[in-house]
$ cat model.cif   # mmCIF, C-alpha atoms
data_model
#
loop_
_atom_site.label_atom_id
_atom_site.label_comp_id
_atom_site.auth_asym_id
_atom_site.auth_seq_id
_atom_site.Cartn_x
_atom_site.Cartn_y
_atom_site.Cartn_z
CA MET E 1 0.00 0.00 0.00
CA ALA E 2 1.33 3.44 -0.90
CA GLU E 3 3.03 5.42 1.85
CA THR E 4 0.96 8.26 3.26
CA LYS E 5 1.67 10.89 5.84
CA LYS E 6 1.37 9.77 9.44
CA ASN E 7 -1.10 11.36 11.80
CA GLY E 8 -1.19 12.56 15.39
CA LEU E 9 -1.27 8.94 16.56
CA ASP E 10 1.94 8.21 14.62
CA ILE E 11 0.31 5.78 12.19
CA GLN E 12 -0.90 6.28 8.64
CA GLN E 13 -4.38 7.59 8.05
CA THR E 14 -6.83 5.49 6.03
CA LYS E 15 -7.94 7.81 3.26
CA GLY E 16 -11.43 7.94 1.79
CA SER E 17 -13.03 9.97 -0.99
CA PHE E 18 -16.40 10.42 -2.70
CA GLN E 19 -18.00 11.95 -5.78
CA ILE E 20 -21.63 12.90 -6.31
CA ARG E 21 -23.55 14.45 -9.20
CA GLY E 22 -27.03 15.73 -8.54
CA ILE E 23 -29.47 18.57 -7.85
CA VAL E 24 -28.89 21.10 -5.07
CA SER E 25 -31.34 21.58 -2.21
CA GLY E 26 -31.34 23.30 1.17
CA THR E 27 -29.89 26.67 0.19
CA ASP E 28 -32.99 28.47 1.52
CA SER E 29 -32.42 26.98 4.97
CA ASP E 30 -30.86 28.93 7.83
CA LYS E 31 -28.39 26.06 8.13
CA PHE E 32 -27.04 26.52 4.59
CA PHE E 33 -24.51 29.27 5.35
CA LYS E 34 -23.42 30.46 8.79
CA GLU E 35 -20.82 32.87 10.10
CA MET E 36 -19.70 32.65 13.72
CA LYS E 37 -16.80 32.97 16.13
CA THR E 38 -14.70 30.11 17.51
CA LYS E 39 -14.03 29.81 21.24
CA THR E 40 -10.77 31.67 20.65
CA GLY E 41 -12.55 34.51 18.85
CA LYS E 42 -11.55 33.63 15.29
CA ASP E 43 -13.99 34.18 12.43
CA MET E 44 -15.49 30.94 11.09
CA ARG E 45 -17.88 30.04 8.28
CA MET E 46 -19.90 26.90 7.55
CA ILE E 47 -22.00 25.57 4.68
CA ASN E 48 -24.33 22.57 4.58
CA PHE E 49 -26.51 21.58 1.60
CA GLY E 50 -28.12 18.55 0.02
CA VAL E 51 -27.36 16.90 -3.31
CA GLU E 52 -30.17 14.73 -4.67
CA TYR E 53 -28.27 12.17 -6.75
CA ASP E 54 -31.31 10.04 -7.63
CA LYS E 55 -35.04 10.54 -7.24
CA ASP E 56 -35.81 10.94 -3.51
CA LYS E 57 -32.22 10.04 -2.58
CA LYS E 58 -30.07 12.78 -1.11
CA VAL E 59 -26.64 13.17 0.47
CA TYR E 60 -25.68 16.21 2.55
CA VAL E 61 -22.24 17.74 2.25
CA ALA E 62 -20.70 20.11 4.80
CA LEU E 63 -17.65 22.37 4.87
CA ASN E 64 -16.24 24.75 7.44
CA GLY E 65 -13.25 27.06 7.53
CA MET E 66 -11.76 29.63 9.82
CA VAL E 67 -9.29 32.48 9.62
CA LYS E 68 -5.73 31.15 9.97
CA ASP E 69 -2.29 32.66 10.38
CA GLU E 70 -0.96 31.17 7.13
CA VAL E 71 -2.09 29.24 4.06
CA TYR E 72 -0.08 26.92 1.82
CA PHE E 73 0.71 26.88 -1.88
CA SER E 74 2.24 23.87 -3.63
CA LYS E 75 4.26 23.30 -6.78
CA LYS E 76 5.27 20.10 -8.57
CA ASP E 77 8.52 19.75 -10.49
CA ASP E 78 9.03 17.73 -13.67
CA LYS E 79 9.48 14.55 -11.61
CA GLY E 80 6.24 15.05 -9.69
CA LYS E 81 7.91 16.06 -6.44
CA SER E 82 5.91 18.66 -4.49
CA THR E 83 7.27 21.77 -2.82
CA THR E 84 5.12 23.86 -0.49
CA SER E 85 5.33 27.53 0.37
CA LYS E 86 3.81 29.10 3.50
CA VAL E 87 2.05 32.41 2.85
CA LYS E 88 0.54 34.91 5.29
CA TRP E 89 -3.25 34.89 5.48
CA LYS E 90 -3.59 38.47 4.22
CA ASP E 91 -1.60 37.55 1.08
CA ARG E 92 -3.60 34.42 0.20
CA ASN E 93 -5.36 36.05 -2.78
CA THR E 94 -2.41 38.08 -4.09
CA PHE E 95 0.46 35.56 -3.87
CA ASN E 96 1.47 34.81 -7.45
CA LYS E 97 4.74 32.90 -7.53
CA GLU E 98 5.15 31.04 -10.82
CA GLY E 99 4.03 27.41 -10.72
CA TYR E 100 2.52 27.55 -7.23
CA ARG E 101 -1.13 26.70 -6.61
CA LEU E 102 -3.18 27.34 -3.48
CA ILE E 103 -4.02 24.24 -1.45
CA GLY E 104 -7.75 24.59 -0.92
CA VAL E 105 -11.21 23.97 -2.36
CA ASN E 106 -11.97 24.05 -6.08
CA VAL E 107 -15.13 26.10 -6.61
CA GLY E 108 -17.04 26.76 -9.82
CA VAL E 109 -20.53 27.96 -8.89
CA THR E 110 -20.80 30.99 -11.19
CA LYS E 111 -20.46 31.35 -14.96
CA THR E 112 -18.08 33.36 -17.11
CA THR E 113 -17.26 33.59 -20.82
CA ASP E 114 -13.99 32.13 -22.12
CA GLU E 115 -11.82 33.49 -24.93
CA ASN E 116 -13.95 31.62 -27.49
CA GLY E 117 -17.17 33.20 -26.28
CA LYS E 118 -18.34 29.99 -24.62
CA GLU E 119 -20.05 30.10 -21.22
CA VAL E 120 -18.02 28.10 -18.70
CA ASN E 121 -17.63 27.79 -14.95
CA ASP E 122 -15.64 30.56 -13.30
CA LYS E 123 -13.10 28.27 -11.64
CA LYS E 124 -11.51 29.37 -8.38
CA THR E 125 -9.31 27.68 -5.82
CA LEU E 126 -10.06 29.11 -2.38
CA VAL E 127 -9.24 28.37 1.24
CA GLU E 128 -12.15 26.76 3.09
CA TYR E 129 -13.17 30.04 4.75
CA ASP E 130 -13.46 31.86 1.41
CA ALA E 131 -14.98 28.84 -0.34
CA CYS E 132 -17.85 28.82 2.16
CA ALA E 133 -18.61 32.45 1.33
CA GLU E 134 -18.39 31.87 -2.45
CA ILE E 135 -20.70 28.86 -2.30
CA GLY E 136 -23.03 30.52 0.21
CA ALA E 137 -23.48 33.60 -1.97
CA ASN E 138 -24.00 31.86 -5.30
CA LEU E 139 -25.28 28.28 -5.07
CA LYS E 140 -29.05 27.93 -5.58
CA ASP E 141 -31.64 25.18 -5.17
CA GLY E 142 -32.35 23.30 -8.38
CA GLU E 143 -28.87 23.76 -9.85
CA SER E 144 -26.98 20.67 -10.95
CA VAL E 145 -23.56 20.16 -9.38
CA PHE E 146 -20.64 17.78 -9.32
CA VAL E 147 -19.15 17.43 -5.84
CA ARG E 148 -15.93 15.65 -4.97
CA GLY E 149 -14.28 15.40 -1.57
CA THR E 150 -13.19 13.39 1.43
CA ILE E 151 -15.07 11.27 3.95
CA GLU E 152 -14.76 11.95 7.66
CA TYR E 153 -15.78 9.42 10.31
CA SER E 154 -16.49 10.32 13.93
CA THR E 155 -18.38 9.23 17.04
CA TYR E 156 -20.82 11.41 18.97
CA LYS E 157 -22.64 10.11 22.04
CA ASP E 158 -21.74 6.54 21.03
CA LYS E 159 -23.27 7.02 17.59
CA HIS E 160 -21.09 6.58 14.50
CA GLN E 161 -21.29 9.47 12.04
CA THR E 162 -20.13 9.93 8.47
CA LYS E 163 -19.55 13.38 7.01
CA PHE E 164 -18.92 14.23 3.35
CA ILE E 165 -16.53 17.19 3.09
CA PRO E 166 -16.19 18.74 -0.37
CA ASN E 167 -12.89 19.84 -1.90
CA GLN E 168 -14.66 20.59 -5.18
CA VAL E 169 -18.10 22.04 -5.92
CA SER E 170 -18.79 22.70 -9.61
CA LEU E 171 -21.86 23.45 -11.68
CA CYS E 172 -22.41 20.71 -14.26
CA LYS E 173 -24.80 19.68 -17.04
CA ASP E 174 -28.42 19.49 -15.92
CA VAL E 175 -29.28 16.27 -14.11
CA ASP E 176 -32.56 14.75 -15.32
CA PHE E 177 -33.77 11.73 -13.37
CA GLU E 178 -36.38 11.00 -16.06
CA ASP E 179 -33.82 10.73 -18.86
CA GLU E 180 -33.58 7.11 -20.00
CA LYS E 181 -29.78 7.48 -20.16
CA PHE E 182 -29.56 8.76 -16.58
CA THR E 183 -27.21 6.84 -14.28
CA PRO E 184 -26.79 7.86 -10.62
CA THR E 185 -23.37 9.11 -9.56
CA ALA E 186 -22.77 8.67 -5.84
CA ASP E 187 -19.53 6.77 -5.42
CA PHE E 188 -16.87 6.30 -2.76
CA GLU E 189 -13.60 4.55 -2.13
CA GLN E 190 -12.05 3.97 1.27
CA VAL E 191 -9.05 2.26 2.81
CA ILE E 192 -10.37 0.33 5.80
CA VAL E 193 -8.89 -1.79 8.56
CA PHE E 194 -11.03 -4.89 8.12
CA MET E 195 -12.40 -6.36 11.36
CA GLY E 196 -15.00 -8.88 10.25
CA ILE E 197 -18.09 -9.61 8.16
CA THR E 198 -21.54 -10.79 9.27
CA PRO E 199 -24.48 -11.95 7.09
CA ASN E 200 -28.11 -11.10 7.81
CA ASP E 201 -30.59 -13.93 8.44
CA ASP E 202 -31.28 -14.74 4.80
CA LYS E 203 -27.71 -14.02 3.68
CA THR E 204 -28.75 -11.34 1.18
CA LYS E 205 -26.93 -8.54 2.97
CA PHE E 206 -23.53 -8.60 4.67
CA THR E 207 -22.22 -6.10 7.21
CA ILE E 208 -18.49 -5.30 7.14
CA ASP E 209 -17.07 -3.97 10.40
CA ALA E 210 -14.00 -1.79 10.04
CA LYS E 211 -11.79 0.69 11.76
CA ILE E 212 -10.89 4.03 10.20
CA VAL E 213 -7.68 5.83 11.17
CA ASN E 214 -8.29 9.59 11.26
CA TYR E 215 -5.79 12.35 11.96
CA ASN E 216 -6.15 12.04 15.73
CA SER E 217 -8.61 9.21 16.36
CA ILE E 218 -9.49 5.67 15.39
CA GLU E 219 -13.19 5.21 14.66
CA ASP E 220 -15.43 2.20 14.17
CA ALA E 221 -17.29 2.20 10.87
CA GLU E 222 -19.81 -0.03 9.14
CA PHE E 223 -20.13 -0.88 5.46
CA VAL E 224 -22.44 -3.32 3.67
CA THR E 225 -22.38 -5.47 0.57
CA TYR E 226 -25.15 -7.32 -1.22
CA ASN E 227 -22.68 -9.37 -3.25
CA SER E 228 -22.49 -12.82 -1.63
CA LYS E 229 -19.51 -13.87 -3.73
CA LEU E 230 -17.55 -10.79 -2.67
CA ALA E 231 -18.60 -11.37 0.96
CA MET E 232 -17.26 -14.92 0.86
CA THR E 233 -14.01 -13.75 -0.75
CA LEU E 234 -13.48 -11.18 2.01
CA LYS E 235 -14.31 -13.70 4.73
CA LYS E 236 -11.86 -16.28 3.35
CA ASN E 237 -8.98 -14.03 2.37
CA VAL E 238 -8.95 -11.00 4.69
CA LYS E 239 -8.14 -11.40 8.36
CA PRO E 240 -8.94 -8.86 11.09
CA TYR E 241 -6.57 -5.88 11.28
CA THR E 242 -5.80 -6.14 7.55
CA ALA E 243 -5.83 -2.92 5.51
CA ILE E 244 -7.64 -3.03 2.17
CA LYS E 245 -9.10 -0.48 -0.25
CA VAL E 246 -12.81 -0.95 -0.96
CA TYR E 247 -15.10 0.97 -3.28
CA GLY E 248 -18.77 1.24 -4.07
CA HIS E 249 -21.89 3.40 -3.96
CA ILE E 250 -23.51 5.69 -1.44
CA ASP E 251 -27.13 4.64 -1.02
CA VAL E 252 -30.08 5.97 0.97
CA VAL E 253 -32.57 3.42 2.25
CA GLY E 254 -36.02 4.56 3.39
CA GLY E 255 -37.42 8.09 3.26
CA VAL E 256 -40.77 9.80 3.59
CA GLU E 257 -44.03 8.34 2.36
CA GLU E 258 -46.95 10.78 2.22
CA VAL E 259 -50.49 9.72 3.05
CA PRO E 260 -52.68 9.95 -0.11
CA ALA E 261 -55.07 12.90 -0.02
CA GLU E 262 -58.62 11.75 0.69
CA ASP E 263 -61.86 13.61 1.40
CA ASP E 264 -64.29 11.69 3.65
CA GLY E 265 -66.59 14.66 4.16
CA TRP E 266 -64.37 16.19 6.83
CA GLY E 267 -61.97 17.72 4.34
CA GLU E 268 -58.72 16.43 2.89
CA THR E 269 -56.01 14.62 4.81
CA ASN E 270 -53.92 16.86 7.07
CA PRO E 271 -50.70 17.56 5.07
CA MET E 272 -48.81 17.76 8.39
CA GLN E 273 -49.53 14.09 9.02
CA LYS E 274 -47.16 11.92 7.05
CA ILE E 275 -45.95 8.38 7.45
CA THR E 276 -42.24 8.87 7.97
CA SER E 277 -39.95 5.86 7.73
CA ALA E 278 -36.48 6.40 9.11
CA PHE E 279 -33.90 6.67 6.35
CA GLU E 280 -30.45 5.19 6.56
CA ARG E 281 -27.40 6.05 4.51
CA GLU E 282 -25.34 3.03 3.51
CA LEU E 283 -21.86 2.75 2.06
CA VAL E 284 -22.39 -0.24 -0.23
CA ILE E 285 -19.18 -2.03 -1.22
CA ILE E 286 -19.22 -3.45 -4.74
CA GLY E 287 -15.54 -4.38 -4.96
CA ALA E 288 -12.16 -4.49 -3.24
CA ASP E 289 -8.61 -4.00 -4.49
CA LYS E 290 -6.75 -7.22 -3.69
CA ASP E 291 -3.43 -5.56 -4.57
CA SER E 292 -3.93 -3.05 -1.74
CA ILE E 293 -3.98 -5.69 1.02
CA ASP E 294 -1.50 -4.91 3.81
CA THR E 295 -1.20 -7.21 6.83
CA GLU E 296 1.62 -5.34 8.58
CA LEU E 297 0.57 -1.70 8.70
CA TYR E 298 -2.24 -2.04 11.25
CA THR E 299 -1.66 -5.05 13.50
CA GLU E 300 -3.78 -5.53 16.61
CA GLU E 301 -0.90 -4.30 18.76
CA ILE E 302 -0.41 -1.13 16.67
CA ILE E 303 -4.13 -0.34 16.71
CA GLU E 304 -4.48 -0.94 20.45
CA GLU E 305 -1.45 1.26 21.19
CA ALA E 306 -2.93 4.03 19.04
CA ILE E 307 -6.30 3.74 20.79
CA ALA E 308 -4.55 3.96 24.18
CA LYS E 309 -2.76 7.13 23.02
CA GLN E 310 -6.05 8.51 21.71
CA ASN E 311 -7.75 7.88 25.07
CA ALA E 312 -4.87 9.48 26.97
CA ASP E 313 -4.97 12.55 24.72
CA LYS E 314 -8.75 12.80 25.19
CA ALA E 315 -8.40 12.55 28.98
CA ALA E 316 -5.84 15.36 28.93
CA GLN E 317 -8.07 17.45 26.69
CA ASP E 318 -11.08 16.87 28.96
CA GLU E 319 -9.03 18.03 31.92
CA TYR E 320 -7.43 21.09 30.33
CA GLY E 321 -9.21 21.62 26.99
CA SER E 322 -11.96 24.00 28.08
CA ASP E 323 -9.50 26.88 28.36
CA TRP E 324 -7.59 26.10 25.16
CA GLY E 325 -10.20 27.03 22.56
CA SER E 326 -11.85 24.83 19.96
CA LYS E 327 -10.57 21.60 18.50
CA LYS E 328 -8.29 21.71 15.48
CA ASN E 329 -10.23 21.74 12.24
CA VAL E 330 -8.58 19.15 10.01
CA ILE E 331 -9.70 19.11 6.38
CA VAL E 332 -7.89 17.19 3.66
CA GLU E 333 -7.25 19.37 0.61
CA ALA E 334 -7.11 18.84 -3.17
CA PRO E 335 -13.30 19.35 -12.57
CA ASP E 336 -16.07 21.26 -14.36
CA ASP E 337 -18.25 18.21 -14.32
CA GLU E 338 -15.75 15.34 -14.63
CA GLU E 339 -12.94 17.37 -16.17
CA GLU E 340 -9.65 17.78 -14.38
CA TRP E 341 -9.46 21.09 -12.53
#
$ encode --input "model.cif" --output "structure tokens"
Amino acid sequence: MAETKKNGLDIQQTKGSFQIRGIVSGTDSDKFFKEMKTKTGKDMRMINFGVEYDKDKKVYVALNGMVKDEVYFSKKDDKGKSTTSKVKWKDRNTFNKEGYRLIGVNVGVTKTTDENGKEVNDKKTLVEYDACAEIGANLKDGESVFVRGTIEYSTYKDKHQTKFIPNQVSLCKDVDFEDEKFTPTADFEQVIVFMGITPNDDKTKFTIDAKIVNYNSIEDAEFVTYNSKLAMTLKKNVKPYTAIKVYGHIDVVGGVEEVPAEDDGWGETNPMQKITSAFERELVIIGADKDSIDTELYTEEIIEEAIAKQNADKAAQDEYGSDWGSKKNVIVEAPDDEEEW
């Protein structure tokens, strides 16, 4: 498995990414764009909106950013080696050293005209703080977008959570669910530390338990597959604490079913009364990369040591953290439609 930068627990992070194409919703909500102050008094912005990638199936994406002391620009040489340059916050939009590119979010939510007179996305690369403002001011319900980004796993009150953090938001060709050529785009890939697999009663659905190594925590995560052959292959060939890259689709199961309008002499059905079935978002694995298998990177001993360090750090934070401001905001950085940026 390719070498990646180690995290605060001194082991490699397990990277994940996603891509979605769909129709925007939620921009009229008070939760869409917010400006606030952190505990340390720094300015912060947040965005949160939905992308309907198939009829009645929606994924929410969220981004936040705060004012920092510096930002980073990167440059690659002819051999692909990267060099970074630290730039003061106030100079983030004026720094113009040849070959260097801001490390941030790719945003294309407004239109401009190119040199050939063609209407195209006005492409910008912005730090998270500025990207929130750009998206918040321009993105509208009903627009079609392509969103690419990273997946963040966390635990809150013993409940596992999955957050989709964009590093690209671009207007794209109109999405039409009724078009006979329409194919949903809601895909992910993720390096996991495999822990086990369990079938349901009729063996039509299989739950994959995994651990995800974040920047400063190790989280439990759950994936599913409906492919019995793949499930058997994983069970036979992948032992607990083995790293492997999996990939598949984001799916939403359940939703809201409205009661049909009827008039029994007392007027029509109350529109406030709906039969609401709880919806669940699933990360459905359709395949795994056998060449990515690594049995040495995350042994049981390594994982347990990292969890012990995580717990010790959390205990120290609980004891002293209330006077040290907010937690560090860690966001992994890096096309109109499917084009390269």
$ atom_distance --input "model.cif" --atom1 "CA of Arg101 (chain E)" --atom2 "CA of Asn167 (chain E)"
14.4 Å
$ residues_around --input "model.cif" --residues "Thr233 (chain E)" --least-positions-apart "3" --cutoff "12 Å" --atoms "all atoms listed in the file" --output "ChimeraX atom specification"
/E:197,225,227-230,236-239,287-290
$ closest_residue --input "model.cif" --among "E:Asp187, E:Glu128, E:Glu178, E:Glu134" --to "Met66 (chain E)" --atoms "all atoms listed in the file"
E:Glu128
$ atom_distance --input "model.cif" --atom1 "CA of Ser292 (chain E)" --atom2 "CA of Gly16 (chain E)"
13.8 Å
$ atom_distance --input "model.cif" --atom1 "CA of Asn64 (chain E)" --atom2 "CA of Val87 (chain E)"
20.4 Å
$ axis_aligned_box --input "model.cif" --around "region 189-207 of chain E" --padding-each-side "8 Å" --output "JSON"
{"center_x": -20.1, "center_y": -5.1, "center_z": 4.6, "size_x": 38.4, "size_y": 35.3, "size_z": 29.5}
$ resolve_selection --input "model.cif" --expression "the PyMOL selection byres ((chain E and resi 248-251) around 8)" --output "list in words"
Lys57, Ala186, Asp187, Phe188, Glu189, Val246, Tyr247, Val252, Val253, Arg281, Glu282, Leu283, Val284, Ile285, Ile286 and Gly287 of chain E
$ residues_near_point --input "model.cif" --point "(-8.0, 9.7, 21.7)" --cutoff "10 Å" --atoms "all atoms listed in the file" --output "PDB file with C-alpha atoms, in the coordinates of the input"
ATOM      1  CA  GLY E   8      -1.190  12.560  15.390  1.00  0.00           C
ATOM      2  CA  LEU E   9      -1.270   8.940  16.560  1.00  0.00           C
ATOM      3  CA  ASN E 216      -6.150  12.040  15.730  1.00  0.00           C
ATOM      4  CA  SER E 217      -8.610   9.210  16.360  1.00  0.00           C
ATOM      5  CA  ILE E 218      -9.490   5.670  15.390  1.00  0.00           C
ATOM      6  CA  GLU E 219     -13.190   5.210  14.660  1.00  0.00           C
ATOM      7  CA  ALA E 306      -2.930   4.030  19.040  1.00  0.00           C
ATOM      8  CA  ILE E 307      -6.300   3.740  20.790  1.00  0.00           C
ATOM      9  CA  ALA E 308      -4.550   3.960  24.180  1.00  0.00           C
ATOM     10  CA  LYS E 309      -2.760   7.130  23.020  1.00  0.00           C
ATOM     11  CA  GLN E 310      -6.050   8.510  21.710  1.00  0.00           C
ATOM     12  CA  ASN E 311      -7.750   7.880  25.070  1.00  0.00           C
ATOM     13  CA  ALA E 312      -4.870   9.480  26.970  1.00  0.00           C
ATOM     14  CA  ASP E 313      -4.970  12.550  24.720  1.00  0.00           C
ATOM     15  CA  LYS E 314      -8.750  12.800  25.190  1.00  0.00           C
ATOM     16  CA  ALA E 315      -8.400  12.550  28.980  1.00  0.00           C
ATOM     17  CA  ALA E 316      -5.840  15.360  28.930  1.00  0.00           C
ATOM     18  CA  GLN E 317      -8.070  17.450  26.690  1.00  0.00           C
TER      19      GLN E 317
END
$ resolve_selection --input "model.cif" --expression "the PyMOL selection byres ((chain E and resi 60) around 10)" --output "count of residues only"
15
$ residues_around --input "model.cif" --residues "region 296-301 of chain E" --least-positions-apart "4" --cutoff "8 Å" --atoms "all atoms listed in the file" --output "PyMOL selection string"
chain E and resi 193+241-243+305
$ build_atoms --input "model.cif" --residues "region 57-73 of chain E" --atoms "N, CA and C atoms" --output "compact mmCIF listing (two decimals), in the frame of the given file"
# COMPACT_ATOMS: atom_id res chain seq x y z
N LYS E 57 -33.42 10.50 -3.28
CA LYS E 57 -32.22 10.04 -2.58
C LYS E 57 -31.23 11.20 -2.52
N LYS E 58 -30.84 11.56 -1.31
CA LYS E 58 -30.07 12.78 -1.11
C LYS E 58 -28.92 12.54 -0.14
N VAL E 59 -27.79 13.18 -0.43
CA VAL E 59 -26.64 13.17 0.47
C VAL E 59 -26.33 14.61 0.84
N TYR E 60 -26.05 14.87 2.11
CA TYR E 60 -25.68 16.21 2.55
C TYR E 60 -24.17 16.33 2.63
N VAL E 61 -23.67 17.46 2.16
CA VAL E 61 -22.24 17.74 2.25
C VAL E 61 -22.05 18.98 3.13
N ALA E 62 -20.94 19.03 3.84
CA ALA E 62 -20.70 20.11 4.80
C ALA E 62 -19.24 20.52 4.76
N LEU E 63 -19.02 21.82 4.88
CA LEU E 63 -17.65 22.37 4.87
C LEU E 63 -17.58 23.49 5.88
N ASN E 64 -16.46 23.59 6.59
CA ASN E 64 -16.24 24.75 7.44
C ASN E 64 -14.81 25.22 7.31
N GLY E 65 -14.59 26.48 7.61
CA GLY E 65 -13.25 27.06 7.53
C GLY E 65 -13.15 28.27 8.42
N MET E 66 -11.96 28.49 8.95
CA MET E 66 -11.76 29.63 9.82
C MET E 66 -10.55 30.42 9.39
N VAL E 67 -10.44 31.64 9.89
CA VAL E 67 -9.29 32.48 9.62
C VAL E 67 -8.06 31.84 10.26
N LYS E 68 -6.96 31.77 9.48
CA LYS E 68 -5.73 31.15 9.97
C LYS E 68 -4.59 32.17 9.90
N ASP E 69 -3.47 31.79 10.45
CA ASP E 69 -2.29 32.66 10.38
C ASP E 69 -1.63 32.58 9.00
N GLU E 70 -1.58 31.35 8.45
CA GLU E 70 -0.96 31.17 7.13
C GLU E 70 -1.80 30.20 6.29
N VAL E 71 -1.54 30.23 4.99
CA VAL E 71 -2.09 29.24 4.06
C VAL E 71 -0.90 28.64 3.30
N TYR E 72 -1.17 27.60 2.52
CA TYR E 72 -0.08 26.92 1.82
C TYR E 72 -0.34 26.84 0.32
N PHE E 73 0.72 27.06 -0.44
CA PHE E 73 0.71 26.88 -1.88
C PHE E 73 1.67 25.73 -2.21
